[in-house]
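Enquirer: Hey, dropping my_file22.cif in here, mmCIF, C-alpha atoms:
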```
data_input
#
loop_
_atom_site.group_PDB
_atom_site.id
_atom_site.type_symbol
_atom_site.label_atom_id
_atom_site.label_comp_id
_atom_site.auth_asym_id
_atom_site.auth_seq_id
_atom_site.Cartn_x
_atom_site.Cartn_y
_atom_site.Cartn_z
ATOM 1 C CA MET A 9 -20.582 -4.413 -18.103
ATOM 2 C CA ALA A 10 -22.640 -6.833 -16.061
ATOM 3 C CA SER A 11 -21.321 -9.863 -14.235
ATOM 4 C CA SER A 12 -22.554 -13.162 -15.683
ATOM 5 C CA SER A 13 -21.948 -15.651 -12.839
ATOM 6 C CA SER A 14 -24.477 -16.722 -10.238
ATOM 7 C CA SER A 15 -23.556 -14.736 -7.137
ATOM 8 C CA TRP A 16 -23.932 -17.603 -4.685
ATOM 9 C CA GLU A 17 -21.126 -19.498 -6.438
ATOM 10 C CA LEU A 18 -18.614 -16.665 -6.069
ATOM 11 C CA PRO A 19 -16.095 -16.164 -3.250
ATOM 12 C CA LEU A 20 -17.141 -13.538 -0.715
ATOM 13 C CA VAL A 21 -14.655 -11.055 0.784
ATOM 14 C CA ALA A 22 -15.139 -8.719 3.738
ATOM 15 C CA VAL A 23 -13.628 -5.234 3.948
ATOM 16 C CA CYS A 24 -13.246 -3.983 7.515
ATOM 17 C CA GLN A 25 -13.281 -0.338 8.573
ATOM 18 C CA LEU A 26 -12.136 0.749 12.015
ATOM 19 C CA THR A 27 -10.779 3.587 14.136
ATOM 20 C CA SER A 28 -7.448 2.491 15.603
ATOM 21 C CA THR A 29 -6.094 4.220 18.715
ATOM 22 C CA PRO A 30 -2.861 3.789 20.701
ATOM 23 C CA ASP A 31 -4.618 1.013 22.693
ATOM 24 C CA LYS A 32 -3.477 -2.208 20.999
ATOM 25 C CA GLN A 33 -5.697 -4.577 22.960
ATOM 26 C CA GLN A 34 -8.821 -2.519 22.336
ATOM 27 C CA ASN A 35 -7.922 -2.383 18.650
ATOM 28 C CA PHE A 36 -7.525 -6.160 18.588
ATOM 29 C CA LYS A 37 -10.906 -6.588 20.256
ATOM 30 C CA THR A 38 -12.522 -4.416 17.551
ATOM 31 C CA CYS A 39 -10.731 -6.232 14.728
ATOM 32 C CA ALA A 40 -11.638 -9.636 16.166
ATOM 33 C CA GLU A 41 -15.314 -8.686 16.328
ATOM 34 C CA LEU A 42 -15.242 -7.600 12.670
ATOM 35 C CA VAL A 43 -13.388 -10.726 11.544
ATOM 36 C CA ARG A 44 -15.786 -12.998 13.433
ATOM 37 C CA GLU A 45 -18.720 -11.199 11.821
ATOM 38 C CA ALA A 46 -17.102 -11.649 8.404
ATOM 39 C CA ALA A 47 -16.736 -15.376 9.075
ATOM 40 C CA ARG A 48 -20.335 -15.620 10.249
ATOM 41 C CA LEU A 49 -21.489 -14.009 7.004
ATOM 42 C CA GLY A 50 -19.537 -16.507 4.916
ATOM 43 C CA ALA A 51 -16.480 -14.547 3.825
ATOM 44 C CA CYS A 52 -13.391 -16.529 2.832
ATOM 45 C CA LEU A 53 -11.059 -13.581 3.313
ATOM 46 C CA ALA A 54 -11.212 -10.454 5.503
ATOM 47 C CA PHE A 55 -9.185 -7.298 4.844
ATOM 48 C CA LEU A 56 -8.049 -5.006 7.676
ATOM 49 C CA PRO A 57 -6.736 -1.475 7.053
ATOM 50 C CA GLU A 58 -3.302 0.038 7.459
ATOM 51 C CA ALA A 59 -2.326 0.477 11.124
ATOM 52 C CA PHE A 60 -4.976 -2.019 12.252
ATOM 53 C CA ASP A 61 -2.717 -2.728 15.262
ATOM 54 C CA PHE A 62 -2.532 0.897 16.501
ATOM 55 C CA ILE A 63 -2.215 4.550 15.537
ATOM 56 C CA ALA A 64 0.150 6.341 17.892
ATOM 57 C CA ARG A 65 0.319 10.012 18.851
ATOM 58 C CA ASP A 66 3.912 10.549 17.685
ATOM 59 C CA PRO A 67 6.913 8.682 16.217
ATOM 60 C CA ALA A 68 8.354 7.869 19.645
ATOM 61 C CA GLU A 69 5.114 6.167 20.705
ATOM 62 C CA THR A 70 4.967 4.349 17.359
ATOM 63 C CA LEU A 71 8.403 2.854 17.963
ATOM 64 C CA ARG A 72 7.609 1.965 21.572
ATOM 65 C CA LEU A 73 4.371 0.133 20.659
ATOM 66 C CA SER A 74 5.833 -1.741 17.661
ATOM 67 C CA GLU A 75 6.506 -5.488 17.780
ATOM 68 C CA PRO A 76 8.216 -8.160 15.658
ATOM 69 C CA LEU A 77 6.080 -10.497 13.560
ATOM 70 C CA GLY A 78 6.795 -13.207 16.124
ATOM 71 C CA GLY A 79 5.444 -11.106 18.992
ATOM 72 C CA ASP A 80 2.418 -11.586 21.206
ATOM 73 C CA LEU A 81 0.020 -9.429 19.187
ATOM 74 C CA PHE A 82 0.702 -11.174 15.919
ATOM 75 C CA ARG A 83 0.192 -14.560 17.544
ATOM 76 C CA GLU A 84 -3.281 -13.355 18.529
ATOM 77 C CA TYR A 85 -4.093 -12.567 14.906
ATOM 78 C CA SER A 86 -2.789 -15.955 13.770
ATOM 79 C CA GLN A 87 -5.025 -17.614 16.336
ATOM 80 C CA LEU A 88 -7.958 -15.476 15.133
ATOM 81 C CA ALA A 89 -7.463 -16.692 11.546
ATOM 82 C CA ARG A 90 -7.415 -20.315 12.745
ATOM 83 C CA GLU A 91 -10.429 -19.834 14.986
ATOM 84 C CA CYS A 92 -12.522 -18.228 12.236
ATOM 85 C CA GLY A 93 -11.227 -20.425 9.411
ATOM 86 C CA LEU A 94 -10.634 -17.591 6.967
ATOM 87 C CA TRP A 95 -7.724 -15.771 5.384
ATOM 88 C CA LEU A 96 -6.663 -12.385 6.765
ATOM 89 C CA SER A 97 -5.077 -9.468 4.943
ATOM 90 C CA LEU A 98 -3.420 -7.489 7.739
ATOM 91 C CA GLY A 99 -2.755 -4.286 5.939
ATOM 92 C CA GLY A 100 0.016 -2.453 7.716
ATOM 93 C CA PHE A 101 1.542 -3.918 10.870
ATOM 94 C CA HIS A 102 4.160 -1.786 12.678
ATOM 95 C CA GLU A 103 6.953 -4.355 12.400
ATOM 96 C CA ARG A 104 10.268 -4.437 14.189
ATOM 97 C CA GLY A 105 12.344 -6.105 11.505
ATOM 98 C CA GLN A 106 15.602 -8.001 11.743
ATOM 99 C CA ASP A 107 17.498 -4.698 11.468
ATOM 100 C CA TRP A 108 15.673 -3.099 14.439
ATOM 101 C CA GLU A 109 18.748 -3.028 16.686
ATOM 102 C CA GLN A 110 20.775 -1.249 13.998
ATOM 103 C CA THR A 111 18.194 1.207 12.651
ATOM 104 C CA LYS A 112 15.745 1.719 15.531
ATOM 105 C CA LYS A 113 13.140 2.089 12.798
ATOM 106 C CA ILE A 114 10.266 -0.185 11.806
ATOM 107 C CA TYR A 115 8.561 -1.402 8.624
ATOM 108 C CA ASN A 116 4.965 -0.822 7.591
ATOM 109 C CA CYS A 117 4.304 -4.481 6.831
ATOM 110 C CA HIS A 118 1.278 -5.930 5.007
ATOM 111 C CA VAL A 119 0.897 -9.565 6.040
ATOM 112 C CA LEU A 120 -1.306 -12.201 4.427
ATOM 113 C CA LEU A 121 -2.366 -15.104 6.658
ATOM 114 C CA ASN A 122 -4.107 -18.251 5.479
ATOM 115 C CA ASN A 123 -6.972 -19.922 7.340
ATOM 116 C CA LYS A 124 -4.477 -21.914 9.402
ATOM 117 C CA GLY A 125 -2.866 -18.719 10.686
ATOM 118 C CA SER A 126 0.316 -19.216 8.660
ATOM 119 C CA ILE A 127 2.065 -16.304 6.944
ATOM 120 C CA MET A 128 1.695 -16.653 3.168
ATOM 121 C CA ALA A 129 3.247 -13.319 2.169
ATOM 122 C CA THR A 130 4.742 -10.136 3.619
ATOM 123 C CA TYR A 131 5.081 -6.832 1.786
ATOM 124 C CA ARG A 132 6.873 -3.895 3.368
ATOM 125 C CA LYS A 133 5.614 -0.522 2.156
ATOM 126 C CA THR A 134 7.976 0.839 -0.470
ATOM 127 C CA HIS A 135 6.620 4.405 -0.848
ATOM 128 C CA LEU A 136 6.699 6.312 2.441
ATOM 129 C CA CYS A 137 4.305 9.194 2.967
ATOM 130 C CA ASP A 138 6.409 12.296 3.643
ATOM 131 C CA VAL A 139 4.042 15.124 2.728
ATOM 132 C CA GLU A 140 2.884 18.478 4.046
ATOM 133 C CA LEU A 141 -0.655 19.474 3.075
ATOM 134 C CA PRO A 142 -2.477 22.632 4.130
ATOM 135 C CA GLY A 143 -5.362 21.725 6.399
ATOM 136 C CA GLN A 144 -4.138 18.189 7.143
ATOM 137 C CA GLY A 145 -0.834 18.707 8.928
ATOM 138 C CA PRO A 146 2.589 17.260 8.112
ATOM 139 C CA MET A 147 3.160 13.537 7.695
ATOM 140 C CA ARG A 148 6.720 12.215 7.990
ATOM 141 C CA GLU A 149 6.454 8.445 7.844
ATOM 142 C CA SER A 150 10.200 8.128 7.317
ATOM 143 C CA ASN A 151 10.837 9.523 10.818
ATOM 144 C CA SER A 152 10.000 6.098 12.220
ATOM 145 C CA THR A 153 9.779 3.785 9.205
ATOM 146 C CA MET A 154 12.169 2.218 6.706
ATOM 147 C CA PRO A 155 11.058 1.725 3.073
ATOM 148 C CA GLY A 156 10.629 -1.855 1.973
ATOM 149 C CA PRO A 157 13.195 -3.214 -0.498
ATOM 150 C CA SER A 158 10.943 -5.007 -2.982
ATOM 151 C CA LEU A 159 7.477 -5.915 -4.211
ATOM 152 C CA GLU A 160 5.818 -9.227 -3.370
ATOM 153 C CA SER A 161 4.619 -11.545 -6.119
ATOM 154 C CA PRO A 162 0.825 -12.046 -6.153
ATOM 155 C CA VAL A 163 -0.430 -14.837 -3.904
ATOM 156 C CA SER A 164 -3.143 -17.382 -4.720
ATOM 157 C CA THR A 165 -6.045 -17.247 -2.232
ATOM 158 C CA PRO A 166 -9.605 -18.635 -2.211
ATOM 159 C CA ALA A 167 -10.750 -15.322 -3.738
ATOM 160 C CA GLY A 168 -8.100 -15.043 -6.458
ATOM 161 C CA LYS A 169 -4.480 -13.954 -6.873
ATOM 162 C CA ILE A 170 -3.826 -10.974 -4.590
ATOM 163 C CA GLY A 171 -1.221 -8.263 -5.069
ATOM 164 C CA LEU A 172 -0.213 -6.470 -1.879
ATOM 165 C CA ALA A 173 0.263 -2.719 -1.478
ATOM 166 C CA ILE A 174 -0.335 -0.116 1.254
ATOM 167 C CA CYS A 175 -2.030 3.311 1.208
ATOM 168 C CA TYR A 176 0.394 5.855 -0.367
ATOM 169 C CA ASP A 177 1.473 3.160 -2.863
ATOM 170 C CA ILE A 178 -1.803 3.842 -4.675
ATOM 171 C CA ARG A 179 -0.307 7.025 -6.149
ATOM 172 C CA PHE A 180 2.290 5.011 -8.095
ATOM 173 C CA PRO A 181 0.648 3.161 -11.003
ATOM 174 C CA GLU A 182 3.916 1.432 -11.862
ATOM 175 C CA LEU A 183 3.459 -0.749 -8.782
ATOM 176 C CA SER A 184 -0.069 -1.796 -9.697
ATOM 177 C CA LEU A 185 0.936 -2.484 -13.311
ATOM 178 C CA ALA A 186 3.847 -4.646 -12.125
ATOM 179 C CA LEU A 187 1.496 -6.666 -9.891
ATOM 180 C CA ALA A 188 -1.062 -7.056 -12.682
ATOM 181 C CA GLN A 189 1.602 -8.193 -15.146
ATOM 182 C CA ALA A 190 2.734 -10.727 -12.532
ATOM 183 C CA GLY A 191 -0.754 -12.223 -12.468
ATOM 184 C CA ALA A 192 -2.674 -10.263 -9.838
ATOM 185 C CA GLU A 193 -6.468 -10.396 -10.088
ATOM 186 C CA ILE A 194 -7.104 -8.444 -6.890
ATOM 187 C CA LEU A 195 -5.110 -5.433 -5.718
ATOM 188 C CA THR A 196 -5.479 -4.371 -2.119
ATOM 189 C CA TYR A 197 -4.728 -0.926 -0.713
ATOM 190 C CA PRO A 198 -5.251 -0.931 3.064
ATOM 191 C CA SER A 199 -5.139 2.732 3.990
ATOM 192 C CA ALA A 200 -5.483 5.600 6.420
ATOM 193 C CA PHE A 201 -6.231 8.551 4.118
ATOM 194 C CA GLY A 202 -6.672 11.944 5.754
ATOM 195 C CA SER A 203 -9.453 14.491 5.631
ATOM 196 C CA VAL A 204 -7.918 16.556 2.795
ATOM 197 C CA THR A 205 -6.695 13.873 0.378
ATOM 198 C CA GLY A 206 -9.599 11.510 1.126
ATOM 199 C CA PRO A 207 -12.479 13.495 -0.421
ATOM 200 C CA ALA A 208 -10.293 14.681 -3.311
ATOM 201 C CA HIS A 209 -8.393 11.563 -4.341
ATOM 202 C CA TRP A 210 -9.438 8.336 -2.585
ATOM 203 C CA GLU A 211 -12.202 6.963 -4.812
ATOM 204 C CA VAL A 212 -10.680 8.437 -7.986
ATOM 205 C CA LEU A 213 -7.368 6.665 -7.400
ATOM 206 C CA LEU A 214 -8.990 3.354 -6.489
ATOM 207 C CA ARG A 215 -11.159 3.354 -9.589
ATOM 208 C CA ALA A 216 -8.229 4.390 -11.785
ATOM 209 C CA ARG A 217 -6.064 1.527 -10.505
ATOM 210 C CA ALA A 218 -8.932 -0.929 -11.128
ATOM 211 C CA ILE A 219 -9.565 0.304 -14.672
ATOM 212 C CA GLU A 220 -5.948 0.464 -15.816
ATOM 213 C CA THR A 221 -5.029 -2.991 -14.413
ATOM 214 C CA GLN A 222 -8.449 -4.643 -14.992
ATOM 215 C CA CYS A 223 -8.254 -5.992 -11.445
ATOM 216 C CA TYR A 224 -10.585 -5.939 -8.483
ATOM 217 C CA VAL A 225 -9.382 -3.329 -5.991
ATOM 218 C CA VAL A 226 -10.074 -3.898 -2.298
ATOM 219 C CA ALA A 227 -9.515 -0.917 -0.022
ATOM 220 C CA PRO A 228 -10.080 -1.243 3.739
ATOM 221 C CA ALA A 229 -9.653 2.107 5.469
ATOM 222 C CA GLN A 230 -9.230 3.749 8.825
ATOM 223 C CA CYS A 231 -12.034 6.143 9.782
ATOM 224 C CA GLY A 232 -12.839 8.758 12.411
ATOM 225 C CA ARG A 233 -10.695 10.349 15.122
ATOM 226 C CA HIS A 234 -7.804 8.257 16.449
ATOM 227 C CA HIS A 235 -6.579 10.752 19.052
ATOM 228 C CA GLU A 236 -6.251 14.498 19.531
ATOM 229 C CA THR A 237 -4.180 15.189 16.422
ATOM 230 C CA ARG A 238 -5.222 12.639 13.808
ATOM 231 C CA ALA A 239 -8.361 11.567 11.983
ATOM 232 C CA SER A 240 -8.996 9.420 8.888
ATOM 233 C CA TYR A 241 -11.427 9.627 5.983
ATOM 234 C CA GLY A 242 -12.877 6.115 5.923
ATOM 235 C CA HIS A 243 -15.020 5.160 2.881
ATOM 236 C CA SER A 244 -13.680 1.602 2.595
ATOM 237 C CA MET A 245 -14.749 0.046 -0.698
ATOM 238 C CA VAL A 246 -14.356 -2.608 -3.360
ATOM 239 C CA VAL A 247 -14.058 -1.652 -7.035
ATOM 240 C CA ASP A 248 -14.538 -4.161 -9.840
ATOM 241 C CA PRO A 249 -12.307 -4.402 -12.968
ATOM 242 C CA TRP A 250 -14.732 -2.172 -14.911
ATOM 243 C CA GLY A 251 -14.239 0.604 -12.356
ATOM 244 C CA THR A 252 -17.607 0.224 -10.631
ATOM 245 C CA VAL A 253 -17.790 0.552 -6.853
ATOM 246 C CA VAL A 254 -19.512 -2.699 -5.853
ATOM 247 C CA ALA A 255 -19.298 -2.377 -2.060
ATOM 248 C CA HIS A 256 -18.878 0.605 0.247
ATOM 249 C CA CYS A 257 -18.753 0.996 4.024
ATOM 250 C CA SER A 258 -21.044 3.472 5.719
ATOM 251 C CA GLU A 259 -19.739 5.944 8.298
ATOM 252 C CA GLY A 260 -18.019 4.543 11.384
ATOM 253 C CA GLU A 261 -16.622 1.134 12.183
ATOM 254 C CA GLY A 262 -18.072 -1.857 10.359
ATOM 255 C CA LEU A 263 -17.632 -3.933 7.242
ATOM 256 C CA CYS A 264 -18.897 -4.339 3.704
ATOM 257 C CA LEU A 265 -19.024 -7.469 1.545
ATOM 258 C CA ALA A 266 -18.318 -8.152 -2.115
ATOM 259 C CA ARG A 267 -18.300 -11.159 -4.432
ATOM 260 C CA ILE A 268 -15.196 -11.680 -6.587
ATOM 261 C CA ASP A 269 -16.140 -12.814 -10.092
ATOM 262 C CA LEU A 270 -12.998 -13.907 -11.932
ATOM 263 C CA ASN A 271 -14.982 -14.921 -15.024
ATOM 264 C CA TYR A 272 -16.173 -11.326 -15.265
ATOM 265 C CA LEU A 273 -12.568 -10.141 -14.910
ATOM 266 C CA ARG A 274 -11.463 -12.437 -17.735
ATOM 267 C CA GLN A 275 -14.301 -11.209 -19.953
ATOM 268 C CA ILE A 276 -13.214 -7.607 -19.482
ATOM 269 C CA ARG A 277 -9.617 -8.464 -20.291
ATOM 270 C CA GLN A 278 -10.732 -10.350 -23.393
ATOM 271 C CA HIS A 279 -13.021 -7.577 -24.657
ATOM 272 C CA LEU A 280 -10.554 -4.784 -23.846
ATOM 273 C CA PRO A 281 -7.070 -6.347 -24.134
ATOM 274 C CA VAL A 282 -5.039 -3.315 -23.067
ATOM 275 C CA PHE A 283 -2.022 -5.324 -21.909
ATOM 276 C CA GLN A 284 -1.659 -6.705 -25.427
ATOM 277 C CA HIS A 285 -1.777 -3.187 -26.858
ATOM 278 C CA ARG A 286 1.028 -1.644 -24.810
ATOM 279 C CA ARG A 287 3.868 -0.019 -26.809
ATOM 280 C CA PRO A 288 7.084 -0.363 -24.812
ATOM 281 C CA ASP A 289 8.952 0.409 -28.038
ATOM 282 C CA LEU A 290 7.620 3.986 -27.701
ATOM 283 C CA TYR A 291 7.674 4.677 -23.957
ATOM 284 C CA GLY A 292 9.711 1.862 -22.458
ATOM 285 C CA ASN A 293 8.639 -0.567 -19.793
ATOM 286 C CA LEU A 294 6.915 1.481 -17.119
ATOM 287 C CA SER A 295 7.003 -1.620 -14.960
ATOM 288 C CA HIS A 296 8.726 -4.961 -15.164
ATOM 289 C CA PRO A 297 7.104 -8.318 -14.414
ATOM 290 C CA LEU A 298 8.055 -9.658 -10.999
ATOM 291 C CA SER A 299 10.245 -12.749 -10.872
#
```
For this file, write the structure as structure tokens.

Expert:
Amino acid sequence: MASSSSSWELPLVAVCQLTSTPDKQQNFKTCAELVREAARLGACLAFLPEAFDFIARDPAETLRLSEPLGGDLFREYSQLARECGLWLSLGGFHERGQDWEQTKKIYNCHVLLNNKGSIMATYRKTHLCDVELPGQGPMRESNSTMPGPSLESPVSTPAGKIGLAICYDIRFPELSLALAQAGAEILTYPSAFGSVTGPAHWEVLLRARAIETQCYVVAPAQCGRHHETRASYGHSMVVDPWGTVVAHCSEGEGLCLARIDLNYLRQIRQHLPVFQHRRPDLYGNLSHPLS
């Protein structure tokens, strides 16, 4: 299906791709350059990937480098949002939560800032990536991270109502269906997919989530080699509600841009009203609307 709106009228979003390292200040410098470029190009909202703040060499370094949301690094990102006058989706901050002293573990926290630098929503990753894949090495996120307790209701932004998720959450369609039923028009999956799962699953999963929820899907990603033992797949992209990839980052650090056409989204939902056709009497409620 083709979009019907004039493109210049539509909100523009920027999807940022970067290669985080254990150097937090260098990572911030890279992110700030991308966000300023997004603002210069007219974006109203910029999306940063999971672990935009840093990617450490091991769990001990992850815990040592982590900060609370009220820490120095986060204040820099709030100031960046104010300076550039755009919203920021910060897709996976290593957060020392209120239970840090008891648990000595952190949260993988997706934070949405408005253009004044104020926190509009926080979502703490609920599905932790504890997997062991041949050719990619073991991943034990739970060694340093606590699972979040709940989903976050979609938030109204200049681009539309955004539902927050993080990386491994993409493998659980119940989450995306719950966000869509709660009113989401855009789902965002900031990620750091690896070299084995990336080529096999990344685009397929993003397009599937877009098609089944009839939402835009925005997926900023980590790319390249972070340090001696870890690399990420990249291929940041935006998928429209029809399942078409409408923006895609090239190799390396950079950004891509996409227009969000909510009239087009509503047309798709009208022509193909799958949410009206669900049969919970046969298979139950796979997801429940958020309060």

Enquirer: Which residues, named as in the file, does the PyMOL selection byres ((chain A and resi 188) around 9) pick out? Answer as a PDB file with C-alpha atoms, keeping the file's coordinate frame.

Expert:
```
ATOM      1  CA  PRO A 162       0.825 -12.046  -6.153  1.00  0.00           C
ATOM      2  CA  GLY A 171      -1.221  -8.263  -5.069  1.00  0.00           C
ATOM      3  CA  LEU A 183       3.459  -0.749  -8.782  1.00  0.00           C
ATOM      4  CA  SER A 184      -0.069  -1.796  -9.697  1.00  0.00           C
ATOM      5  CA  LEU A 185       0.936  -2.484 -13.311  1.00  0.00           C
ATOM      6  CA  ALA A 186       3.847  -4.646 -12.125  1.00  0.00           C
ATOM      7  CA  LEU A 187       1.496  -6.666  -9.891  1.00  0.00           C
ATOM      8  CA  GLN A 189       1.602  -8.193 -15.146  1.00  0.00           C
ATOM      9  CA  ALA A 190       2.734 -10.727 -12.532  1.00  0.00           C
ATOM     10  CA  GLY A 191      -0.754 -12.223 -12.468  1.00  0.00           C
ATOM     11  CA  ALA A 192      -2.674 -10.263  -9.838  1.00  0.00           C
ATOM     12  CA  GLU A 193      -6.468 -10.396 -10.088  1.00  0.00           C
ATOM     13  CA  ILE A 194      -7.104  -8.444  -6.890  1.00  0.00           C
ATOM     14  CA  LEU A 195      -5.110  -5.433  -5.718  1.00  0.00           C
ATOM     15  CA  THR A 221      -5.029  -2.991 -14.413  1.00  0.00           C
ATOM     16  CA  GLN A 222      -8.449  -4.643 -14.992  1.00  0.00           C
ATOM     17  CA  CYS A 223      -8.254  -5.992 -11.445  1.00  0.00           C
ATOM     18  CA  PRO A 297       7.104  -8.318 -14.414  1.00  0.00           C
TER      19      PRO A 297
END
```

Enquirer: Rank nothing, just name the residue among A:Leu94, A:Met245, A:Leu88, A:Val254 nearest to A:Pro166, using only C-alpha atoms.

Expert: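 Between A:Leu94, A:Met245, A:Leu88, A:Val254, the residue approaching A:Pro166 most closely is A:Leu94.
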
Enquirer: Translate the PyMOL selection byres ((chain A and resi 230) around 6), as applied to the file shown, into an explicit residue set as a list in words.

Expert: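 When the PyMOL selection byres ((chain A and resi 230) around 6) is applied to the shown file, the picked residues are Gln25, Leu26, Thr27, Ala200, Ala229, Cys231, Ser240 and Gly242 of chain A.
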
Enquirer: Name every residue that the PyMOL selection byres ((chain A and resi 203-208) around 9) selects in this structure, writing the answer as a ChimeraX atom specification with chains first and numbers rising.

Expert: /A:141-144,200-202,209-212,239-243

Enquirer: Between atom CA of A:Met147 and atom CA of A:Arg238, what is the distance, to one decimal in Å?

Expert: 10.4 Å

Enquirer: Applying 8 Å and all atoms listed in the file, which residues near A:Cys137 remain after dropping the ones on its own chain fewer than 4 positions away? List them as a list in words.

Expert: Met147, Arg148, Glu149, Ser150 and Tyr176 of chain A

Enquirer: How many Å separate atom CA of A:Glu140 from atom CA of A:Pro228?

Expert: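 Distance reported for this atom pair: 23.6 Å.
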
Enquirer: Could you give me stretch 231-244 of chain A completed to N, CA, C and O atoms, formatted as a JSON list (two decimals), keeping the file's coordinate frame?

Expert:
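The new file out_38.json reads:
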```json
[["chain", "number", "residue", "atom", "x", "y", "z"],
["A", 231, "CYS", "N", -11.01, 5.09, 9.80],
["A", 231, "CYS", "CA", -12.03, 6.14, 9.78],
["A", 231, "CYS", "C", -12.06, 6.84, 11.14],
["A", 231, "CYS", "O", -11.63, 6.29, 12.15],
["A", 232, "GLY", "N", -12.57, 8.07, 11.16],
["A", 232, "GLY", "CA", -12.84, 8.76, 12.41],
["A", 232, "GLY", "C", -11.59, 9.29, 13.10],
["A", 232, "GLY", "O", -10.50, 9.31, 12.55],
["A", 233, "ARG", "N", -11.78, 9.72, 14.35],
["A", 233, "ARG", "CA", -10.70, 10.35, 15.12],
["A", 233, "ARG", "C", -9.96, 9.31, 15.96],
["A", 233, "ARG", "O", -10.55, 8.62, 16.79],
["A", 234, "HIS", "N", -8.65, 9.24, 15.76],
["A", 234, "HIS", "CA", -7.80, 8.26, 16.45],
["A", 234, "HIS", "C", -7.31, 8.79, 17.79],
["A", 234, "HIS", "O", -7.14, 8.04, 18.74],
["A", 235, "HIS", "N", -7.02, 10.06, 17.83],
["A", 235, "HIS", "CA", -6.58, 10.75, 19.05],
["A", 235, "HIS", "C", -6.66, 12.25, 18.77],
["A", 235, "HIS", "O", -7.26, 12.66, 17.76],
["A", 236, "GLU", "N", -6.06, 13.05, 19.60],
["A", 236, "GLU", "CA", -6.25, 14.50, 19.53],
["A", 236, "GLU", "C", -5.79, 15.12, 18.22],
["A", 236, "GLU", "O", -6.33, 16.14, 17.79],
["A", 237, "THR", "N", -4.80, 14.53, 17.57],
["A", 237, "THR", "CA", -4.18, 15.19, 16.42],
["A", 237, "THR", "C", -4.35, 14.45, 15.10],
["A", 237, "THR", "O", -3.77, 14.88, 14.10],
["A", 238, "ARG", "N", -5.11, 13.37, 15.08],
["A", 238, "ARG", "CA", -5.22, 12.64, 13.81],
["A", 238, "ARG", "C", -6.60, 12.04, 13.61],
["A", 238, "ARG", "O", -7.19, 11.48, 14.55],
["A", 239, "ALA", "N", -7.10, 12.18, 12.39],
["A", 239, "ALA", "CA", -8.36, 11.57, 11.98],
["A", 239, "ALA", "C", -8.21, 11.02, 10.57],
["A", 239, "ALA", "O", -7.33, 11.45, 9.82],
["A", 240, "SER", "N", -9.06, 10.05, 10.21],
["A", 240, "SER", "CA", -9.00, 9.42, 8.89],
["A", 240, "SER", "C", -10.34, 9.49, 8.18],
["A", 240, "SER", "O", -11.39, 9.61, 8.81],
["A", 241, "TYR", "N", -10.28, 9.38, 6.87],
["A", 241, "TYR", "CA", -11.43, 9.63, 5.98],
["A", 241, "TYR", "C", -12.42, 8.48, 5.93],
["A", 241, "TYR", "O", -13.62, 8.68, 5.74],
["A", 242, "GLY", "N", -11.96, 7.24, 6.04],
["A", 242, "GLY", "CA", -12.88, 6.12, 5.92],
["A", 242, "GLY", "C", -13.23, 5.81, 4.47],
["A", 242, "GLY", "O", -12.39, 5.82, 3.59],
["A", 243, "HIS", "N", -14.51, 5.49, 4.22],
["A", 243, "HIS", "CA", -15.02, 5.16, 2.88],
["A", 243, "HIS", "C", -14.33, 3.93, 2.29],
["A", 243, "HIS", "O", -13.92, 3.92, 1.12],
["A", 244, "SER", "N", -14.19, 2.88, 3.11],
["A", 244, "SER", "CA", -13.68, 1.60, 2.60],
["A", 244, "SER", "C", -14.56, 1.12, 1.45],
["A", 244, "SER", "O", -15.78, 1.31, 1.47]]
```
